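Q: File follows, target-v2.cif with mmCIF, C-alpha atoms:
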```
data_protein
#
loop_
_atom_site.label_atom_id
_atom_site.label_comp_id
_atom_site.auth_asym_id
_atom_site.auth_seq_id
_atom_site.Cartn_x
_atom_site.Cartn_y
_atom_site.Cartn_z
CA MET E 15 205.66 133.48 67.02
CA GLU E 16 203.35 136.01 65.40
CA LYS E 17 202.72 139.08 67.54
CA LEU E 18 199.32 140.29 68.68
CA LYS E 19 198.36 143.38 66.68
CA PHE E 20 196.76 146.28 68.52
CA LEU E 21 194.51 149.25 67.80
CA ILE E 22 194.54 152.05 70.36
CA VAL E 23 191.32 154.07 70.49
CA GLY E 24 191.89 157.49 72.02
CA LEU E 25 195.11 159.52 71.72
CA GLY E 26 194.87 161.67 74.82
CA ASN E 27 197.61 161.56 77.45
CA GLN E 28 196.92 157.96 78.42
CA GLY E 29 196.41 156.55 74.94
CA THR E 30 199.60 158.23 73.74
CA PHE E 31 201.46 156.78 76.72
CA TYR E 32 200.28 153.26 75.83
CA ALA E 33 201.29 153.78 72.21
CA ARG E 34 204.78 154.83 73.28
CA LEU E 35 205.18 151.58 75.24
CA PHE E 36 204.65 149.64 72.00
CA LEU E 37 206.87 151.88 69.93
CA GLU E 38 209.67 151.60 72.51
CA GLY E 39 209.50 147.81 72.30
CA LYS E 40 208.26 147.27 75.85
CA ILE E 41 205.39 145.00 74.79
CA LYS E 42 207.32 141.86 73.87
CA ASN E 43 204.66 139.93 71.96
CA GLY E 44 202.53 142.84 70.74
CA GLU E 45 202.80 145.50 68.09
CA LEU E 46 200.88 148.69 67.40
CA ALA E 47 199.10 148.32 64.09
CA ALA E 48 196.73 151.31 64.19
CA VAL E 49 195.51 154.27 66.22
CA CYS E 50 192.18 156.04 66.31
CA ASP E 51 190.97 159.40 67.57
CA ALA E 52 188.00 161.55 66.61
CA ASP E 53 190.29 164.60 66.53
CA GLN E 54 192.35 164.77 63.32
CA ALA E 55 194.76 167.22 64.95
CA ARG E 56 195.65 164.64 67.59
CA ILE E 57 196.33 162.03 64.96
CA ALA E 58 198.54 164.43 63.03
CA ALA E 59 200.44 165.41 66.16
CA PHE E 60 200.91 161.77 67.09
CA SER E 61 202.18 160.84 63.63
CA ASP E 62 204.63 163.75 63.62
CA ARG E 63 205.91 163.00 67.11
CA PHE E 64 206.50 159.29 66.64
CA SER E 65 206.89 158.94 62.85
CA PHE E 66 204.14 156.36 63.12
CA GLY E 67 203.90 154.16 60.05
CA GLY E 68 200.73 152.30 60.99
CA LYS E 69 197.15 153.05 60.02
CA THR E 70 195.16 155.93 61.48
CA TYR E 71 191.40 156.34 61.83
CA LEU E 72 188.90 158.95 62.95
CA ASP E 73 186.26 156.38 63.88
CA TYR E 74 186.67 153.02 65.60
CA ARG E 75 183.93 151.48 63.46
CA SER E 76 185.89 152.32 60.33
CA ALA E 77 188.97 150.82 61.92
CA TYR E 78 187.09 147.58 62.58
CA GLU E 79 185.86 147.43 58.99
CA ALA E 80 189.41 147.87 57.70
CA GLY E 81 190.79 145.21 60.04
CA GLY E 82 194.48 144.45 60.48
CA PHE E 83 194.40 144.04 64.28
CA ASN E 84 193.05 141.52 66.78
CA ALA E 85 193.19 143.46 70.05
CA VAL E 86 192.08 146.93 71.17
CA ILE E 87 193.08 149.27 73.99
CA VAL E 88 190.29 151.73 74.82
CA ALA E 89 191.62 155.01 76.24
CA THR E 90 188.79 157.43 75.50
CA PRO E 91 186.76 159.68 77.87
CA HIS E 92 184.90 157.79 80.61
CA TYR E 93 181.39 157.87 79.21
CA SER E 94 182.40 156.15 75.97
CA HIS E 95 184.28 153.19 77.50
CA ALA E 96 181.32 150.81 77.71
CA GLU E 97 180.04 151.65 74.22
CA ILE E 98 183.38 151.04 72.50
CA VAL E 99 184.26 147.96 74.55
CA THR E 100 180.85 146.44 73.80
CA PHE E 101 181.24 147.16 70.08
CA PHE E 102 184.45 145.14 69.87
CA LEU E 103 183.48 142.36 72.27
CA ASP E 104 180.29 141.78 70.30
CA ARG E 105 182.56 141.19 67.30
CA ASN E 106 184.90 138.90 69.27
CA VAL E 107 187.82 141.33 69.29
CA ASN E 108 190.00 141.20 72.43
CA VAL E 109 189.74 144.36 74.57
CA LEU E 110 191.82 146.00 77.30
CA CYS E 111 189.93 148.98 78.75
CA ASP E 112 191.41 151.90 80.65
CA LYS E 113 189.90 152.75 84.04
CA PRO E 114 187.15 153.26 85.02
CA ALA E 115 184.98 150.60 83.39
CA GLY E 116 182.29 153.25 82.99
CA VAL E 117 180.58 156.16 84.68
CA TYR E 118 177.48 154.34 85.91
CA ALA E 119 176.82 150.70 86.71
CA LYS E 120 173.95 150.26 84.27
CA GLN E 121 176.22 150.75 81.24
CA VAL E 122 178.89 148.52 82.76
CA GLU E 123 176.35 145.75 83.42
CA ALA E 124 175.47 145.77 79.72
CA MET E 125 179.16 145.74 78.80
CA ASN E 126 179.78 142.76 81.08
CA GLU E 127 176.92 140.87 79.45
CA SER E 128 178.69 141.34 76.12
CA ALA E 129 181.92 140.09 77.70
CA ARG E 130 180.23 136.94 78.94
CA ARG E 131 178.80 136.24 75.47
CA SER E 132 182.01 137.06 73.63
CA LYS E 133 184.71 134.61 72.64
CA ALA E 134 187.30 137.37 73.10
CA ALA E 135 189.45 138.24 76.12
CA PHE E 136 188.45 141.26 78.23
CA SER E 137 190.61 143.00 80.82
CA MET E 138 190.84 146.30 82.70
CA MET E 139 193.89 148.52 83.14
CA PHE E 140 194.03 148.05 86.91
CA ASN E 141 197.79 148.47 86.89
CA GLN E 142 198.10 149.15 90.61
CA ARG E 143 197.10 145.55 91.28
CA THR E 144 200.59 144.63 90.08
CA SER E 145 202.09 146.26 93.19
CA PRO E 146 203.73 143.62 95.42
CA VAL E 147 202.68 145.72 98.42
CA TYR E 148 198.96 145.55 97.65
CA ALA E 149 199.28 141.92 96.55
CA LEU E 150 200.80 140.99 99.91
CA MET E 151 198.09 142.87 101.82
CA ARG E 152 195.43 140.97 99.88
CA GLN E 153 197.18 137.65 100.52
CA MET E 154 197.58 138.28 104.25
CA ILE E 155 193.91 139.13 104.67
CA ALA E 156 192.72 136.19 102.56
CA SER E 157 194.94 133.76 104.52
CA GLY E 158 193.73 135.02 107.91
CA LYS E 159 197.04 136.49 109.08
CA LEU E 160 195.23 139.68 110.11
CA GLY E 161 192.50 137.74 111.89
CA LYS E 162 189.00 139.14 111.60
CA VAL E 163 189.18 142.48 109.77
CA THR E 164 187.62 145.19 111.92
CA ARG E 165 188.38 148.47 110.18
CA VAL E 166 189.89 149.97 107.04
CA VAL E 167 190.93 153.61 106.70
CA TRP E 168 192.34 155.06 103.48
CA GLN E 169 193.33 158.71 103.47
CA ILE E 170 194.54 159.60 100.00
CA THR E 171 194.84 163.36 99.81
CA ASP E 172 198.04 163.82 97.78
CA TRP E 173 196.16 164.70 94.58
CA PHE E 174 196.40 168.45 94.87
CA ARG E 175 195.18 170.15 91.69
CA THR E 176 195.14 173.82 90.69
CA GLU E 177 192.48 175.84 88.91
CA SER E 178 194.69 175.66 85.82
CA TYR E 179 194.38 171.88 85.83
CA TYR E 180 190.60 172.03 85.76
CA LYS E 181 190.57 174.66 83.05
CA SER E 182 192.83 172.60 80.78
CA GLY E 183 189.86 170.76 79.27
CA GLY E 184 186.20 171.73 78.98
CA TRP E 185 185.12 168.20 79.86
CA ARG E 186 187.02 168.14 83.13
CA ALA E 187 185.11 168.21 86.42
CA THR E 188 181.67 168.33 84.82
CA TRP E 189 178.76 165.91 85.18
CA LYS E 190 178.25 165.96 81.44
CA GLY E 191 181.86 165.53 80.38
CA GLU E 192 183.36 163.35 83.11
CA GLY E 193 180.49 162.10 85.24
CA GLY E 194 182.04 163.14 88.54
CA GLY E 195 185.11 164.61 90.18
CA VAL E 196 187.77 163.15 92.44
CA LEU E 197 185.89 159.84 92.76
CA ILE E 198 185.80 159.08 89.05
CA ASN E 199 189.00 160.81 87.95
CA GLN E 200 191.58 160.25 90.69
CA CYS E 201 190.06 157.41 92.75
CA PRO E 202 189.20 154.48 90.42
CA HIS E 203 192.42 152.60 91.22
CA GLN E 204 192.00 153.06 94.97
CA LEU E 205 188.31 152.07 94.88
CA ASP E 206 189.29 148.97 92.90
CA LEU E 207 192.08 148.14 95.33
CA LEU E 208 189.79 148.65 98.31
CA VAL E 209 187.48 145.95 96.97
CA HIS E 210 190.32 143.78 95.64
CA ILE E 211 192.38 143.75 98.84
CA LEU E 212 189.45 143.09 101.16
CA GLY E 213 187.78 140.74 98.70
CA LYS E 214 184.35 142.35 98.95
CA LEU E 215 182.24 145.47 98.67
CA PRO E 216 180.81 147.24 101.72
CA LYS E 217 177.10 146.71 102.25
CA ALA E 218 176.35 150.41 102.77
CA VAL E 219 178.00 153.85 102.68
CA ASN E 220 177.43 157.37 103.95
CA ALA E 221 179.42 159.83 101.86
CA PHE E 222 179.87 163.53 102.53
CA CYS E 223 181.01 165.38 99.43
CA GLY E 224 182.14 168.94 98.88
CA TYR E 225 181.08 170.14 95.43
CA GLY E 226 183.42 172.85 94.22
CA LYS E 227 184.72 173.12 97.78
CA TRP E 228 188.27 174.02 96.77
CA HIS E 229 187.92 174.82 93.05
CA ASP E 230 185.55 176.51 90.66
CA VAL E 231 183.96 173.21 89.55
CA GLU E 232 180.49 171.65 89.75
CA VAL E 233 181.55 168.15 90.86
CA GLU E 234 183.05 166.80 94.08
CA ASP E 235 186.64 167.73 94.89
CA ASP E 236 186.45 166.55 98.51
CA VAL E 237 185.01 163.26 99.85
CA THR E 238 184.77 161.58 103.23
CA ALA E 239 182.88 158.30 103.14
CA TYR E 240 181.91 155.93 105.95
CA MET E 241 181.51 152.27 104.98
CA GLU E 242 179.80 149.32 106.66
CA TYR E 243 180.55 145.67 105.87
CA ASP E 244 178.28 142.69 106.32
CA ASP E 245 180.60 141.11 108.93
CA GLY E 246 180.57 144.18 111.19
CA ALA E 247 183.77 145.78 109.90
CA THR E 248 183.69 149.50 109.15
CA GLY E 249 185.77 151.82 107.02
CA VAL E 250 186.55 155.41 106.13
CA PHE E 251 187.66 156.62 102.70
CA ILE E 252 188.97 160.18 102.36
CA ALA E 253 190.01 161.83 99.10
CA THR E 254 190.47 165.39 97.88
CA THR E 255 192.25 167.48 95.25
CA GLY E 256 192.34 170.53 97.51
CA GLU E 257 194.73 169.59 100.30
CA ALA E 258 198.45 170.32 100.50
CA PRO E 259 200.50 168.72 101.77
CA GLY E 260 198.51 165.56 101.33
CA LYS E 261 199.29 161.95 102.10
CA ASN E 262 198.55 158.39 101.04
CA LEU E 263 197.96 156.23 104.10
CA LEU E 264 196.09 152.90 104.06
CA GLU E 265 195.49 151.14 107.37
CA ILE E 266 193.68 147.82 107.76
CA SER E 267 193.06 146.62 111.30
CA GLY E 268 192.18 143.10 112.40
CA THR E 269 192.08 141.08 115.58
CA LEU E 270 195.62 139.82 114.93
CA GLY E 271 197.15 143.22 114.22
CA ARG E 272 197.27 146.18 111.88
CA LEU E 273 198.70 146.65 108.38
CA VAL E 274 199.95 150.15 107.56
CA CYS E 275 200.79 151.07 103.98
CA GLU E 276 202.41 154.46 103.39
CA ASN E 277 202.57 155.98 99.92
CA GLY E 278 201.85 152.61 98.36
CA THR E 279 205.44 151.50 99.00
CA GLN E 280 206.18 151.00 102.72
CA LEU E 281 204.31 148.21 104.49
CA THR E 282 204.41 147.64 108.26
CA PHE E 283 202.65 144.89 110.21
CA TYR E 284 201.90 145.56 113.88
CA LYS E 285 201.40 141.93 114.89
CA ASN E 286 199.46 140.98 118.01
CA GLU E 287 200.93 138.13 120.04
CA ILE E 288 197.38 136.98 120.79
CA ASP E 289 194.13 137.62 118.93
CA SER E 290 192.59 140.72 120.53
CA LEU E 291 189.18 139.08 120.95
CA VAL E 292 190.72 136.06 122.65
CA PHE E 293 192.89 138.33 124.83
CA SER E 294 189.86 140.39 125.84
CA LYS E 295 187.94 137.32 126.99
CA THR E 296 190.83 135.69 128.87
CA SER E 297 192.87 138.50 130.43
CA GLU E 298 192.25 139.22 134.11
CA GLN E 299 193.72 142.75 133.83
CA GLY E 300 191.26 145.47 132.87
CA PHE E 301 193.80 147.78 131.21
CA SER E 302 196.17 145.25 129.70
CA LYS E 303 196.76 144.87 125.96
CA PRO E 304 198.20 142.12 123.75
CA ASN E 305 201.93 142.35 123.21
CA VAL E 306 202.71 143.80 119.78
CA GLU E 307 205.63 143.13 117.45
CA ARG E 308 206.48 145.68 114.76
CA VAL E 309 207.38 143.87 111.53
CA GLN E 310 208.70 145.81 108.53
CA LEU E 311 207.53 143.79 105.53
CA THR E 312 209.46 143.59 102.27
CA PRO E 313 207.07 142.43 99.54
CA GLN E 314 208.70 140.46 96.76
CA GLY E 315 208.00 140.81 93.06
CA ASP E 316 208.07 143.23 90.16
CA ASN E 317 205.73 146.23 90.20
CA ALA E 318 205.22 146.12 86.44
CA GLN E 319 202.29 148.56 86.35
CA HIS E 320 200.94 149.42 82.84
CA VAL E 321 203.67 147.49 81.01
CA GLY E 322 202.88 144.43 83.09
CA ILE E 323 199.14 144.61 82.43
CA ILE E 324 199.56 145.03 78.66
CA ASN E 325 202.15 142.26 78.46
CA ASN E 326 199.96 139.93 80.51
CA PHE E 327 196.90 140.70 78.37
CA THR E 328 198.93 140.10 75.22
CA ASN E 329 200.34 136.82 76.45
CA ALA E 330 196.96 135.67 77.77
CA VAL E 331 195.36 136.18 74.35
CA LEU E 332 198.26 134.24 72.79
CA GLY E 333 197.74 131.42 75.28
CA LEU E 334 201.01 131.95 77.12
CA GLU E 335 199.69 133.17 80.49
CA THR E 336 196.56 133.36 82.62
CA LEU E 337 194.74 136.69 82.41
CA PHE E 338 195.63 138.74 85.49
CA VAL E 339 192.58 141.04 85.59
CA ASP E 340 189.11 139.83 84.65
CA GLY E 341 187.52 142.84 82.94
CA THR E 342 184.09 142.15 84.40
CA GLU E 343 185.48 143.03 87.86
CA GLY E 344 185.55 146.66 86.74
CA ILE E 345 181.91 147.02 87.76
CA LEU E 346 182.75 146.64 91.47
CA SER E 347 184.62 149.93 91.80
CA VAL E 348 181.94 151.65 89.69
CA GLN E 349 179.25 150.33 92.04
CA LEU E 350 181.16 151.67 95.03
CA MET E 351 181.75 155.02 93.35
CA ASN E 352 178.07 155.28 92.39
CA ALA E 353 177.04 154.58 95.99
CA MET E 354 179.34 157.32 97.30
CA GLU E 355 178.10 159.78 94.66
CA LEU E 356 174.43 159.02 95.37
CA SER E 357 174.91 159.37 99.11
CA GLY E 358 176.73 162.65 98.57
CA TRP E 359 173.91 163.99 96.38
CA GLU E 360 171.50 163.17 99.20
CA GLY E 361 173.46 164.92 101.93
CA GLY E 362 175.28 161.90 103.33
CA LYS E 363 172.25 159.60 103.48
CA ARG E 364 173.02 155.93 104.12
CA VAL E 365 172.68 154.00 100.87
CA SER E 366 173.03 150.30 100.13
CA VAL E 367 175.77 148.95 97.86
CA PRO E 368 175.15 148.44 95.02
CA VAL E 369 172.57 151.18 94.47
CA ASP E 370 169.63 150.80 92.12
CA PRO E 371 171.30 151.37 88.72
CA ASP E 372 168.19 152.98 87.20
CA GLU E 373 167.80 155.38 90.10
CA TYR E 374 171.45 156.38 89.87
CA LEU E 375 171.30 157.00 86.13
CA LYS E 376 168.14 159.09 86.50
CA LYS E 377 169.80 161.38 89.06
CA LEU E 378 173.03 161.57 87.04
CA ASN E 379 171.09 162.57 83.93
CA GLN E 380 169.40 165.35 85.88
CA LEU E 381 172.82 166.71 86.80
CA ARG E 382 174.06 166.30 83.22
#
```
Turn this file's structure into structure tokens for me.

A:
Amino acid sequence: MEKLKFLIVGLGNQGTFYARLFLEGKIKNGELAAVCDADQARIAAFSDRFSFGGKTYLDYRSAYEAGGFNAVIVATPHYSHAEIVTFFLDRNVNVLCDKPAGVYAKQVEAMNESARRSKAAFSMMFNQRTSPVYALMRQMIASGKLGKVTRVVWQITDWFRTESYYKSGGWRATWKGEGGGVLINQCPHQLDLLVHILGKLPKAVNAFCGYGKWHDVEVEDDVTAYMEYDDGATGVFIATTGEAPGKNLLEISGTLGRLVCENGTQLTFYKNEIDSLVFSKTSEQGFSKPNVERVQLTPQGDNAQHVGIINNFTNAVLGLETLFVDGTEGILSVQLMNAMELSGWEGGKRVSVPVDPDEYLKKLNQLR
């Protein structure tokens, strides 16, 4: 069987990592045919490091004109994702885009319109969806094993970063270069998972952001957001790059118990013997509680991460598998991020999700 031939656009840390996966033979039915980066020095360094024998380009448009590939991985800075993805989808070239889908929802909406018109496959690099732990949490909630979801709390504060980290690139932690701070750089996977696991966006958020709270930066490096859902459930999302020691703790509570995920690997189910709402209405004891069983869950499956996403995308294009991640779903985490950013800009004001995309872009441009 002929392999799917790839172009990688962007040879930063992530793009180089993806290229190495191909060159190490980890993408079974795909091969790296070409790479592209606007910086000639990066191309030269890449070629020297890997003895790359494929084609190299300084511009993705020139790469398209030359041809020789039928799939693209976009691993460029955030603002350019939608533009490059749209360019290739409009020309029916299959695209796998790195996270996030974009900086603001308006550009992602336009990108998704191109995806719907295109005959090509479109996916997002949401590699943490491959985790058996998060997959099991999603399945348990969807099947009703947690009962009615009442609350979600995600404290993910183990992203400590130094001043040196922020000074390593002039684009980092700027509205103009990155479009945000911890929400757009560190949190896209968690914001995606929050929507993916629960199966929906919140209807409104209040976000309280610290801008340059722990570092000499202009964007947010500390966020505490309160979320409201249309069924009455609530949530709290906490993230920062200024806390040490930090932790990664996701708790989802329902009327039939509580799921606790620690560090994305350990999953515990505190299972109520009786639905808490039913128990409340039927118990004759004012201070009694449902009996609880502690169940240590062992999710089954391979946590294939980036390799799994690229292999699935490759095989889906070749007609061997079903596409795991629909690329148009990338807008959901961007909409949630935009709502948190907008609320933070307005001092924690309650804002609806999704926010008005034109209003958001106007305020972002003022900051840029």

Q: Since I can't run it myself right now, could you work out what the PyMOL selection byres ((chain E and resi 137) around 12) selects here and report it as a PyMOL selection string?

A: chain E and resi 85-88+99+103+107-115+125-126+129+134-136+138-141+323-328+330-331+336-345

Q: Separation of atom CA of Gln142 of chain E and atom CA of Thr279 of chain E, in Å?

A: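 Those two atoms sit 11.4 Å apart.
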
Q: Rounded to one decimal in Å, what is the spacing between atom CA of Ala80 of chain E and atom CA of Arg34 of chain E?

A: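 Answer for the atom CA of Ala80 of chain E to atom CA of Arg34 of chain E separation: 23.0 Å.
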
Q: Would you write out, as a list in words, every residue that the PyMOL selection byres ((chain E and resi 183-188) around 10) captures in this file?

A: Pro91, Ser178, Tyr179, Tyr180, Lys181, Ser182, Trp189, Lys190, Gly191, Glu192, Gly193, Gly194, Gly195, Val196, Ile198, Asn199, Gly226, His229, Asp230, Val231, Glu232, Val233, Glu234, Asp235, Leu381 and Arg382 of chain E

Q: Apply the PyMOL selection byres ((chain E and resi 315) around 6) to the displayed file and report the matching residues as a list in words.

A: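 Selected by the PyMOL selection byres ((chain E and resi 315) around 6) here: Pro146, Gln314 and Asp316 of chain E.
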
Q: Which one of E:Gln200, E:Gln28, E:Ser145, E:Thr296 sits closest to Ala89 of chain E if you count all atoms listed in the file?

A: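 Using all atoms listed in the file, Ala89 of chain E sits closest to E:Gln28.
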
Q: Counting only C-alpha atoms, figure out which residue out of E:Ala52, E:Met241, E:Ser366, E:Glu355 gets nearest to Leu25 of chain E.

A: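 With only C-alpha atoms as the atom set, the closest residue is E:Ala52.
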
Q: Using C-alpha atoms, give me segment 89-140 of chain E from the structure I just pasted, as a PDB file, in the first residue's frame.

A:
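Result file follows (decode.pdb):
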```
ATOM      1  CA  ALA E  89       2.670  23.454  13.727  1.00  0.00           C
ATOM      2  CA  THR E  90       3.147  27.210  13.408  1.00  0.00           C
ATOM      3  CA  PRO E  91       2.443  30.021  15.929  1.00  0.00           C
ATOM      4  CA  HIS E  92      -1.194  30.229  17.070  1.00  0.00           C
ATOM      5  CA  TYR E  93      -2.371  33.184  15.029  1.00  0.00           C
ATOM      6  CA  SER E  94      -1.436  31.548  11.721  1.00  0.00           C
ATOM      7  CA  HIS E  95      -3.178  28.199  12.261  1.00  0.00           C
ATOM      8  CA  ALA E  96      -6.522  29.146  10.723  1.00  0.00           C
ATOM      9  CA  GLU E  97      -4.957  30.890   7.721  1.00  0.00           C
ATOM     10  CA  ILE E  98      -2.728  27.953   6.773  1.00  0.00           C
ATOM     11  CA  VAL E  99      -5.349  25.290   7.477  1.00  0.00           C
ATOM     12  CA  THR E 100      -7.886  27.174   5.353  1.00  0.00           C
ATOM     13  CA  PHE E 101      -5.388  27.523   2.499  1.00  0.00           C
ATOM     14  CA  PHE E 102      -4.916  23.762   2.242  1.00  0.00           C
ATOM     15  CA  LEU E 103      -8.516  22.738   2.934  1.00  0.00           C
ATOM     16  CA  ASP E 104      -9.696  25.082   0.185  1.00  0.00           C
ATOM     17  CA  ARG E 105      -7.409  23.096  -2.126  1.00  0.00           C
ATOM     18  CA  ASN E 106      -8.665  19.732  -0.807  1.00  0.00           C
ATOM     19  CA  VAL E 107      -5.423  18.835   0.949  1.00  0.00           C
ATOM     20  CA  ASN E 108      -5.845  16.809   4.164  1.00  0.00           C
ATOM     21  CA  VAL E 109      -4.849  18.760   7.307  1.00  0.00           C
ATOM     22  CA  LEU E 110      -3.918  17.887  10.889  1.00  0.00           C
ATOM     23  CA  CYS E 111      -3.599  21.084  12.959  1.00  0.00           C
ATOM     24  CA  ASP E 112      -1.714  21.510  16.207  1.00  0.00           C
ATOM     25  CA  LYS E 113      -3.590  23.005  19.162  1.00  0.00           C
ATOM     26  CA  PRO E 114      -5.207  25.463  19.558  1.00  0.00           C
ATOM     27  CA  ALA E 115      -7.423  25.732  16.481  1.00  0.00           C
ATOM     28  CA  GLY E 116      -6.876  29.478  16.597  1.00  0.00           C
ATOM     29  CA  VAL E 117      -6.631  32.469  18.888  1.00  0.00           C
ATOM     30  CA  TYR E 118     -10.158  33.815  18.435  1.00  0.00           C
ATOM     31  CA  ALA E 119     -13.397  32.125  17.432  1.00  0.00           C
ATOM     32  CA  LYS E 120     -14.082  34.330  14.419  1.00  0.00           C
ATOM     33  CA  GLN E 121     -11.052  32.981  12.534  1.00  0.00           C
ATOM     34  CA  VAL E 122     -11.861  29.420  13.572  1.00  0.00           C
ATOM     35  CA  GLU E 123     -15.460  29.773  12.355  1.00  0.00           C
ATOM     36  CA  ALA E 124     -14.139  30.723   8.922  1.00  0.00           C
ATOM     37  CA  MET E 125     -11.702  27.805   9.005  1.00  0.00           C
ATOM     38  CA  ASN E 126     -14.517  25.397   9.888  1.00  0.00           C
ATOM     39  CA  GLU E 127     -16.580  26.673   6.974  1.00  0.00           C
ATOM     40  CA  SER E 128     -13.683  25.742   4.697  1.00  0.00           C
ATOM     41  CA  ALA E 129     -13.544  22.309   6.338  1.00  0.00           C
ATOM     42  CA  ARG E 130     -17.229  21.725   5.676  1.00  0.00           C
ATOM     43  CA  ARG E 131     -16.807  22.664   2.002  1.00  0.00           C
ATOM     44  CA  SER E 132     -13.605  20.694   1.521  1.00  0.00           C
ATOM     45  CA  LYS E 133     -13.337  17.134   0.284  1.00  0.00           C
ATOM     46  CA  ALA E 134     -10.262  16.665   2.483  1.00  0.00           C
ATOM     47  CA  ALA E 135      -9.953  15.271   6.008  1.00  0.00           C
ATOM     48  CA  PHE E 136      -9.445  17.722   8.880  1.00  0.00           C
ATOM     49  CA  SER E 137      -8.333  16.863  12.404  1.00  0.00           C
ATOM     50  CA  MET E 138      -6.850  18.515  15.493  1.00  0.00           C
ATOM     51  CA  MET E 139      -3.886  17.357  17.559  1.00  0.00           C
ATOM     52  CA  PHE E 140      -5.951  16.730  20.689  1.00  0.00           C
TER      53      PHE E 140
END
```
